[in-house]
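Below: model_29.cif (mmCIF, C-alpha atoms)
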data_structure
loop_
_atom_site.label_atom_id
_atom_site.label_comp_id
_atom_site.auth_asym_id
_atom_site.auth_seq_id
_atom_site.Cartn_x
_atom_site.Cartn_y
_atom_site.Cartn_z
CA MET A 1 104.49 73.63 115.81
CA SER A 2 108.21 74.41 115.75
CA HIS A 3 109.37 77.12 113.37
CA ALA A 4 111.39 74.53 111.38
CA ARG A 5 108.24 72.45 110.80
CA CYS A 6 106.31 75.61 110.02
CA ILE A 7 108.90 76.57 107.38
CA ARG A 8 108.77 73.08 105.83
CA ALA A 9 104.97 73.10 105.74
CA THR A 10 104.93 76.57 104.19
CA ILE A 11 107.46 75.64 101.51
CA GLU A 12 105.61 72.41 100.71
CA ALA A 13 102.28 74.25 100.38
CA ALA A 14 103.84 76.95 98.17
CA ASN A 15 105.50 74.34 95.96
CA ARG A 16 102.23 72.38 95.64
CA VAL A 17 100.41 75.38 94.19
CA GLY A 18 103.39 76.93 92.39
CA PHE A 19 103.53 80.01 94.63
CA PRO A 20 106.92 81.82 94.56
CA LEU A 21 108.68 81.81 97.92
CA ASP A 22 109.89 85.39 97.51
CA ARG A 23 106.24 86.52 97.61
CA LEU A 24 105.72 85.06 101.11
CA GLN A 25 105.97 87.33 104.10
CA PHE A 26 106.53 86.46 107.77
CA GLU A 27 104.53 88.86 109.96
CA ILE A 28 105.24 89.69 113.57
CA THR A 29 102.19 91.09 115.29
CA GLU A 30 103.38 93.87 117.53
CA VAL A 31 100.46 93.49 119.93
CA GLU A 32 101.96 90.18 121.09
CA GLU A 33 104.81 90.41 123.57
CA VAL A 34 108.13 89.19 122.18
CA ARG A 35 109.86 87.32 124.98
CA SER A 36 113.17 86.62 123.23
CA ASP A 37 114.47 89.18 120.76
CA GLY A 38 117.44 86.94 119.88
CA HIS A 39 115.17 84.01 119.06
CA LEU A 40 112.93 86.22 116.94
CA ARG A 41 115.94 87.68 115.10
CA ARG A 42 117.24 84.16 114.29
CA ILE A 43 113.84 83.12 112.94
CA VAL A 44 113.57 86.25 110.76
CA GLU A 45 117.14 85.73 109.46
CA GLU A 46 116.36 82.09 108.64
CA TYR A 47 113.17 83.09 106.81
CA ARG A 48 115.06 85.80 104.87
CA ALA A 49 117.72 83.28 103.83
CA ILE A 50 114.94 81.21 102.25
CA GLY A 51 113.57 84.29 100.52
CA PHE A 52 110.58 85.19 102.71
CA GLY A 53 109.92 88.85 103.46
CA SER A 54 109.18 90.17 106.93
CA ALA A 55 106.70 92.64 108.38
CA ILE A 56 105.69 94.12 111.70
CA ASP A 57 101.91 94.29 111.87
CA ASP A 58 99.93 96.71 114.06
CA PHE A 59 103.00 98.92 114.58
CA GLY A 60 102.32 101.52 117.21
CA ALA A 61 99.77 99.49 119.15
CA GLY A 62 101.75 97.01 121.14
CA TYR A 63 104.51 96.10 123.51
CA ALA A 64 107.65 96.68 121.52
CA GLY A 65 107.21 99.85 119.51
CA LEU A 66 110.47 101.30 118.32
CA ASN A 67 112.43 98.86 120.47
CA LEU A 68 111.47 96.02 118.11
CA LEU A 69 113.12 97.93 115.25
CA THR A 70 116.42 97.95 117.13
CA HIS A 71 116.56 94.15 116.90
CA PHE A 72 115.64 93.70 113.27
CA GLN A 73 114.46 95.81 110.38
CA PRO A 74 111.44 94.41 108.57
CA ASP A 75 110.76 94.74 104.86
CA VAL A 76 107.32 96.14 105.71
CA LEU A 77 105.98 98.16 108.63
CA LYS A 78 102.19 98.17 108.90
CA ILE A 79 101.00 101.24 110.81
CA ASP A 80 98.24 100.39 113.26
CA MET A 81 94.81 101.84 112.63
CA ASN A 82 94.88 103.68 115.97
CA LEU A 83 97.58 105.97 114.56
CA VAL A 84 95.61 106.32 111.32
CA ARG A 85 92.18 107.03 112.83
CA ASN A 86 91.30 110.72 112.36
CA ILE A 87 94.89 111.55 111.39
CA ASP A 88 93.54 114.36 109.22
CA GLN A 89 92.22 116.06 112.38
CA ASP A 90 95.05 115.27 114.81
CA ARG A 91 98.37 117.11 114.67
CA THR A 92 100.08 114.63 117.02
CA ARG A 93 99.17 111.62 114.88
CA ARG A 94 100.41 113.44 111.76
CA LEU A 95 103.70 114.29 113.48
CA ILE A 96 104.26 110.69 114.55
CA VAL A 97 103.41 109.28 111.13
CA ARG A 98 105.51 111.93 109.32
CA ASN A 99 108.49 110.80 111.38
CA LEU A 100 107.70 107.13 110.69
CA VAL A 101 107.85 107.96 106.97
CA GLN A 102 111.32 109.44 107.45
CA LEU A 103 112.44 106.49 109.59
CA ALA A 104 111.14 103.95 107.08
CA GLY A 105 113.00 105.72 104.29
CA GLU A 106 116.26 105.52 106.20
CA LEU A 107 115.95 101.88 107.39
CA PRO A 108 114.69 101.22 104.54
CA CYS A 109 111.31 99.53 104.77
CA THR A 110 107.92 99.95 103.14
CA LEU A 111 105.03 101.50 105.08
CA ILE A 112 101.42 100.38 104.83
CA ALA A 113 98.68 102.37 106.58
CA GLU A 114 96.00 100.07 108.02
CA GLY A 115 92.40 100.77 108.91
CA ILE A 116 91.66 103.75 106.67
CA GLU A 117 87.96 104.56 106.91
CA THR A 118 87.59 108.01 105.33
CA LEU A 119 88.69 109.88 102.24
CA ASP A 120 90.24 112.58 104.45
CA GLU A 121 92.40 110.01 106.27
CA ALA A 122 93.50 108.55 102.92
CA ARG A 123 94.38 111.97 101.49
CA CYS A 124 96.29 112.97 104.62
CA LEU A 125 98.33 109.75 104.54
CA ALA A 126 99.04 110.19 100.83
CA ASP A 127 100.19 113.77 101.53
CA LEU A 128 102.53 112.38 104.19
CA GLY A 129 104.06 110.05 101.58
CA ILE A 130 102.34 106.77 102.39
CA THR A 131 101.13 105.24 99.14
CA LEU A 132 100.09 101.79 100.35
CA HIS A 133 96.72 101.85 102.09
CA GLN A 134 94.20 99.33 103.33
CA GLY A 135 90.90 99.72 105.09
CA TYR A 136 87.14 99.80 104.84
CA ALA A 137 87.24 103.07 102.88
CA TYR A 138 88.63 101.08 99.94
CA ALA A 139 86.88 97.72 100.37
CA ARG A 140 85.44 95.43 103.00
CA PRO A 141 87.20 92.07 103.48
CA GLY A 142 85.94 89.35 101.16
CA PHE A 143 85.18 85.70 101.75
CA GLU A 144 86.29 83.16 99.13
CA GLY A 145 87.25 85.95 96.77
CA LEU A 146 88.85 89.34 96.50
CA PRO A 147 86.63 92.38 97.07
CA GLN A 148 86.44 95.12 94.46
CA PRO A 149 88.03 98.36 95.70
CA ASP A 150 86.09 101.60 95.51
CA ALA A 151 87.47 102.99 92.23
CA ALA A 152 85.97 106.44 92.84
CA LEU A 153 87.77 106.74 96.18
CA LEU A 154 91.05 105.65 94.59
CA GLU A 155 90.72 108.39 91.98
CA LYS A 156 89.90 111.02 94.61
CA VAL A 157 92.99 110.10 96.66
CA LYS A 158 95.19 110.20 93.55
CA ALA A 159 93.74 113.59 92.57
CA ALA A 160 94.62 115.16 95.92
#

Spell out the structure here as structure tokens.
Amino acid sequence: MSHARCIRATIEAANRVGFPLDRLQFEITEVEEVRSDGHLRRIVEEYRAIGFGSAIDDFGAGYAGLNLLTHFQPDVLKIDMNLVRNIDQDRTRRLIVRNLVQLAGELPCTLIAEGIETLDEARCLADLGITLHQGYAYARPGFEGLPQPDAALLEKVKAA
């Protein structure tokens, strides 16, 4: 499907259910190779003009890495779980993520840490300044409904 048809179908679906367009987000998965940066930039600019947000998913796991950020700055940067895994025990991971926090603040874009599985990972990421988390530590994915997050874990992370 062409991106123009994709945009039309997305807008039609959002209008049918009364979903605000400014709440939609176009995600680029960094694990997929981007063959034409100019084409991607034009698509992102067109989506932004409509009001869609943009995100790079799985950042730190794929082909483009920081090079992708030189071509466009997303609204959201989702840090891949491989950078998150055992971050509380790994100085190198902490150093990389600490610098991503600084970079995101200067671009500016919002960071989300993906794949958090332990309280120690969550606390470490919160200490580094990342307040948006997702992962099994909080809740398993749900089917036909939203899962309930682990309220006790949320309180423990906030208390740290």

List the spatial neighbours of region 110-119 of chain A as a PyMOL selection string - criterion: any atom at most 9 Å away, all atoms listed in the file, same-chain residues fewer than 4 positions off excluded.
chain A and resi 58+74-86+100-101+104-105+123-125+130-138+153+156-157

What does the structure give for the distance between CA of Asp22 (chain A) and CA of Leu69 (chain A), in Å to one decimal?
22.0 Å

Give me, as an mmCIF file with C-alpha atoms, in the coordinates of the input, all polymer residues having an atom no more than 12 Å from Leu66 (chain A), counting all atoms listed in the file and skipping those fewer than 3 positions away in the same chain.
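Result went into selection31.cif, see below:
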data_model
loop_
_atom_site.group_PDB
_atom_site.id
_atom_site.type_symbol
_atom_site.label_atom_id
_atom_site.label_comp_id
_atom_site.auth_asym_id
_atom_site.auth_seq_id
_atom_site.Cartn_x
_atom_site.Cartn_y
_atom_site.Cartn_z
ATOM 1 C CA GLU A 30 103.380 93.870 117.530
ATOM 2 C CA ILE A 56 105.690 94.120 111.700
ATOM 3 C CA PHE A 59 103.000 98.920 114.580
ATOM 4 C CA GLY A 60 102.320 101.520 117.210
ATOM 5 C CA ALA A 61 99.770 99.490 119.150
ATOM 6 C CA GLY A 62 101.750 97.010 121.140
ATOM 7 C CA TYR A 63 104.510 96.100 123.510
ATOM 8 C CA LEU A 69 113.120 97.930 115.250
ATOM 9 C CA THR A 70 116.420 97.950 117.130
ATOM 10 C CA HIS A 71 116.560 94.150 116.900
ATOM 11 C CA PHE A 72 115.640 93.700 113.270
ATOM 12 C CA GLN A 73 114.460 95.810 110.380
ATOM 13 C CA PRO A 74 111.440 94.410 108.570
ATOM 14 C CA LEU A 77 105.980 98.160 108.630
ATOM 15 C CA ILE A 96 104.260 110.690 114.550
ATOM 16 C CA ASN A 99 108.490 110.800 111.380
ATOM 17 C CA LEU A 100 107.700 107.130 110.690
ATOM 18 C CA LEU A 103 112.440 106.490 109.590
ATOM 19 C CA ALA A 104 111.140 103.950 107.080
#

May I ask for the distance between CA of Pro20 (chain A) and CA of Gln148 (chain A), given in Å to one decimal place?
24.4 Å

Using all atoms listed in the file, find the one residue out of A:Lys158, A:Ile87, A:Glu121, A:Ala55 that sits nearest to Cys109 (chain A).
A:Ala55

Selection: 10 Å around Leu21 (chain A), all atoms listed in the file, excl. self and same-chain fewer than 6 positions, as a compact mmCIF listing (two decimals) with C-alpha atoms, keeping the file's coordinate frame:
# COMPACT_ATOMS: atom_id res chain seq x y z
CA THR A 10 104.93 76.57 104.19
CA ILE A 11 107.46 75.64 101.51
CA ALA A 14 103.84 76.95 98.17
CA ASN A 15 105.50 74.34 95.96
CA ILE A 50 114.94 81.21 102.25
CA GLY A 51 113.57 84.29 100.52
CA PHE A 52 110.58 85.19 102.71
CA GLY A 53 109.92 88.85 103.46

One decimal, Å: what's the distance from CA of Glu155 (chain A) over to CA of Pro141 (chain A), could you say?
20.3 Å

Residue contacts of Ile7 (chain A) (10 Å, all atoms listed in the file) excluding same-chain residues fewer than 2 positions away, as number ranges by chain
A: 1-5, 9-13, 43, 46-47, 50, 52

Find the smallest box with edges along x, y and z containing every listed atom of region 116-127 of chain A, then add 5 Å on each side and report centre and edge lengths in Å to one decimal, as JSON.
{"center_x": 93.9, "center_y": 108.8, "center_z": 103.9, "size_x": 22.6, "size_y": 20.0, "size_z": 16.1}

Option closest in space to Ala139 (chain A), from A:Leu95, A:Leu154, A:Ala126, A:Ile28 [counting only C-alpha atoms]
A:Leu154

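Among A:Phe143, A:Pro108, A:Leu128, A:Glu45, the residue with the shortest atom-to-atom distance to Asp88 (chain A), counting all atoms listed in the file, is A:Leu128.
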
Would you mind putting back N, CA and C atoms on region 128-155 of chain A, then writing it out as a JSON list (two decimals), in the frame of the given file?
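Saved as result_28.json:
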[["chain", "number", "residue", "atom", "x", "y", "z"],
["A", 128, "LEU", "N", 101.37, 112.68, 103.35],
["A", 128, "LEU", "CA", 102.53, 112.38, 104.19],
["A", 128, "LEU", "C", 103.53, 111.45, 103.50],
["A", 129, "GLY", "N", 103.14, 110.90, 102.34],
["A", 129, "GLY", "CA", 104.06, 110.05, 101.58],
["A", 129, "GLY", "C", 103.78, 108.56, 101.68],
["A", 130, "ILE", "N", 102.68, 108.19, 102.29],
["A", 130, "ILE", "CA", 102.34, 106.77, 102.39],
["A", 130, "ILE", "C", 101.41, 106.42, 101.23],
["A", 131, "THR", "N", 101.89, 105.57, 100.35],
["A", 131, "THR", "CA", 101.13, 105.24, 99.14],
["A", 131, "THR", "C", 100.42, 103.90, 99.22],
["A", 132, "LEU", "N", 100.76, 103.09, 100.19],
["A", 132, "LEU", "CA", 100.09, 101.79, 100.35],
["A", 132, "LEU", "C", 99.08, 101.88, 101.48],
["A", 133, "HIS", "N", 97.83, 101.69, 101.15],
["A", 133, "HIS", "CA", 96.72, 101.85, 102.09],
["A", 133, "HIS", "C", 95.86, 100.60, 102.11],
["A", 134, "GLN", "N", 95.25, 100.34, 103.26],
["A", 134, "GLN", "CA", 94.20, 99.33, 103.33],
["A", 134, "GLN", "C", 93.18, 99.78, 104.35],
["A", 135, "GLY", "N", 91.94, 99.36, 104.14],
["A", 135, "GLY", "CA", 90.90, 99.72, 105.09],
["A", 135, "GLY", "C", 89.53, 99.71, 104.44],
["A", 136, "TYR", "N", 88.53, 99.85, 105.28],
["A", 136, "TYR", "CA", 87.14, 99.80, 104.84],
["A", 136, "TYR", "C", 86.81, 100.90, 103.83],
["A", 137, "ALA", "N", 87.52, 102.02, 103.85],
["A", 137, "ALA", "CA", 87.24, 103.07, 102.88],
["A", 137, "ALA", "C", 87.42, 102.55, 101.45],
["A", 138, "TYR", "N", 88.34, 101.63, 101.27],
["A", 138, "TYR", "CA", 88.63, 101.08, 99.94],
["A", 138, "TYR", "C", 87.77, 99.86, 99.63],
["A", 139, "ALA", "N", 87.67, 98.94, 100.59],
["A", 139, "ALA", "CA", 86.88, 97.72, 100.37],
["A", 139, "ALA", "C", 86.75, 96.98, 101.69],
["A", 140, "ARG", "N", 85.64, 96.31, 101.85],
["A", 140, "ARG", "CA", 85.44, 95.43, 103.00],
["A", 140, "ARG", "C", 86.13, 94.11, 102.71],
["A", 141, "PRO", "N", 86.58, 93.38, 103.73],
["A", 141, "PRO", "CA", 87.20, 92.07, 103.48],
["A", 141, "PRO", "C", 86.22, 91.15, 102.75],
["A", 142, "GLY", "N", 86.77, 90.29, 101.91],
["A", 142, "GLY", "CA", 85.94, 89.35, 101.16],
["A", 142, "GLY", "C", 86.09, 87.95, 101.70],
["A", 143, "PHE", "N", 85.14, 87.10, 101.37],
["A", 143, "PHE", "CA", 85.18, 85.70, 101.75],
["A", 143, "PHE", "C", 85.16, 84.88, 100.47],
["A", 144, "GLU", "N", 86.15, 84.02, 100.31],
["A", 144, "GLU", "CA", 86.29, 83.16, 99.13],
["A", 144, "GLU", "C", 86.41, 83.97, 97.85],
["A", 145, "GLY", "N", 87.02, 85.12, 97.94],
["A", 145, "GLY", "CA", 87.25, 85.95, 96.77],
["A", 145, "GLY", "C", 87.78, 87.31, 97.18],
["A", 146, "LEU", "N", 88.32, 88.01, 96.23],
["A", 146, "LEU", "CA", 88.85, 89.34, 96.50],
["A", 146, "LEU", "C", 87.76, 90.38, 96.30],
["A", 147, "PRO", "N", 87.62, 91.32, 97.24],
["A", 147, "PRO", "CA", 86.63, 92.38, 97.07],
["A", 147, "PRO", "C", 87.08, 93.37, 96.01],
["A", 148, "GLN", "N", 86.14, 94.07, 95.44],
["A", 148, "GLN", "CA", 86.44, 95.12, 94.46],
["A", 148, "GLN", "C", 86.65, 96.44, 95.20],
["A", 149, "PRO", "N", 87.80, 97.08, 95.03],
["A", 149, "PRO", "CA", 88.03, 98.36, 95.70],
["A", 149, "PRO", "C", 87.13, 99.45, 95.12],
["A", 150, "ASP", "N", 86.89, 100.46, 95.91],
["A", 150, "ASP", "CA", 86.09, 101.60, 95.51],
["A", 150, "ASP", "C", 86.93, 102.45, 94.55],
["A", 151, "ALA", "N", 86.68, 102.31, 93.26],
["A", 151, "ALA", "CA", 87.47, 102.99, 92.23],
["A", 151, "ALA", "C", 87.35, 104.51, 92.35],
["A", 152, "ALA", "N", 86.17, 105.00, 92.71],
["A", 152, "ALA", "CA", 85.97, 106.44, 92.84],
["A", 152, "ALA", "C", 86.85, 107.00, 93.96],
["A", 153, "LEU", "N", 86.93, 106.29, 95.07],
["A", 153, "LEU", "CA", 87.77, 106.74, 96.18],
["A", 153, "LEU", "C", 89.23, 106.75, 95.75],
["A", 154, "LEU", "N", 89.66, 105.71, 95.05],
["A", 154, "LEU", "CA", 91.05, 105.65, 94.59],
["A", 154, "LEU", "C", 91.39, 106.86, 93.72],
["A", 155, "GLU", "N", 90.49, 107.23, 92.83],
["A", 155, "GLU", "CA", 90.72, 108.39, 91.98],
["A", 155, "GLU", "C", 90.78, 109.68, 92.78]]
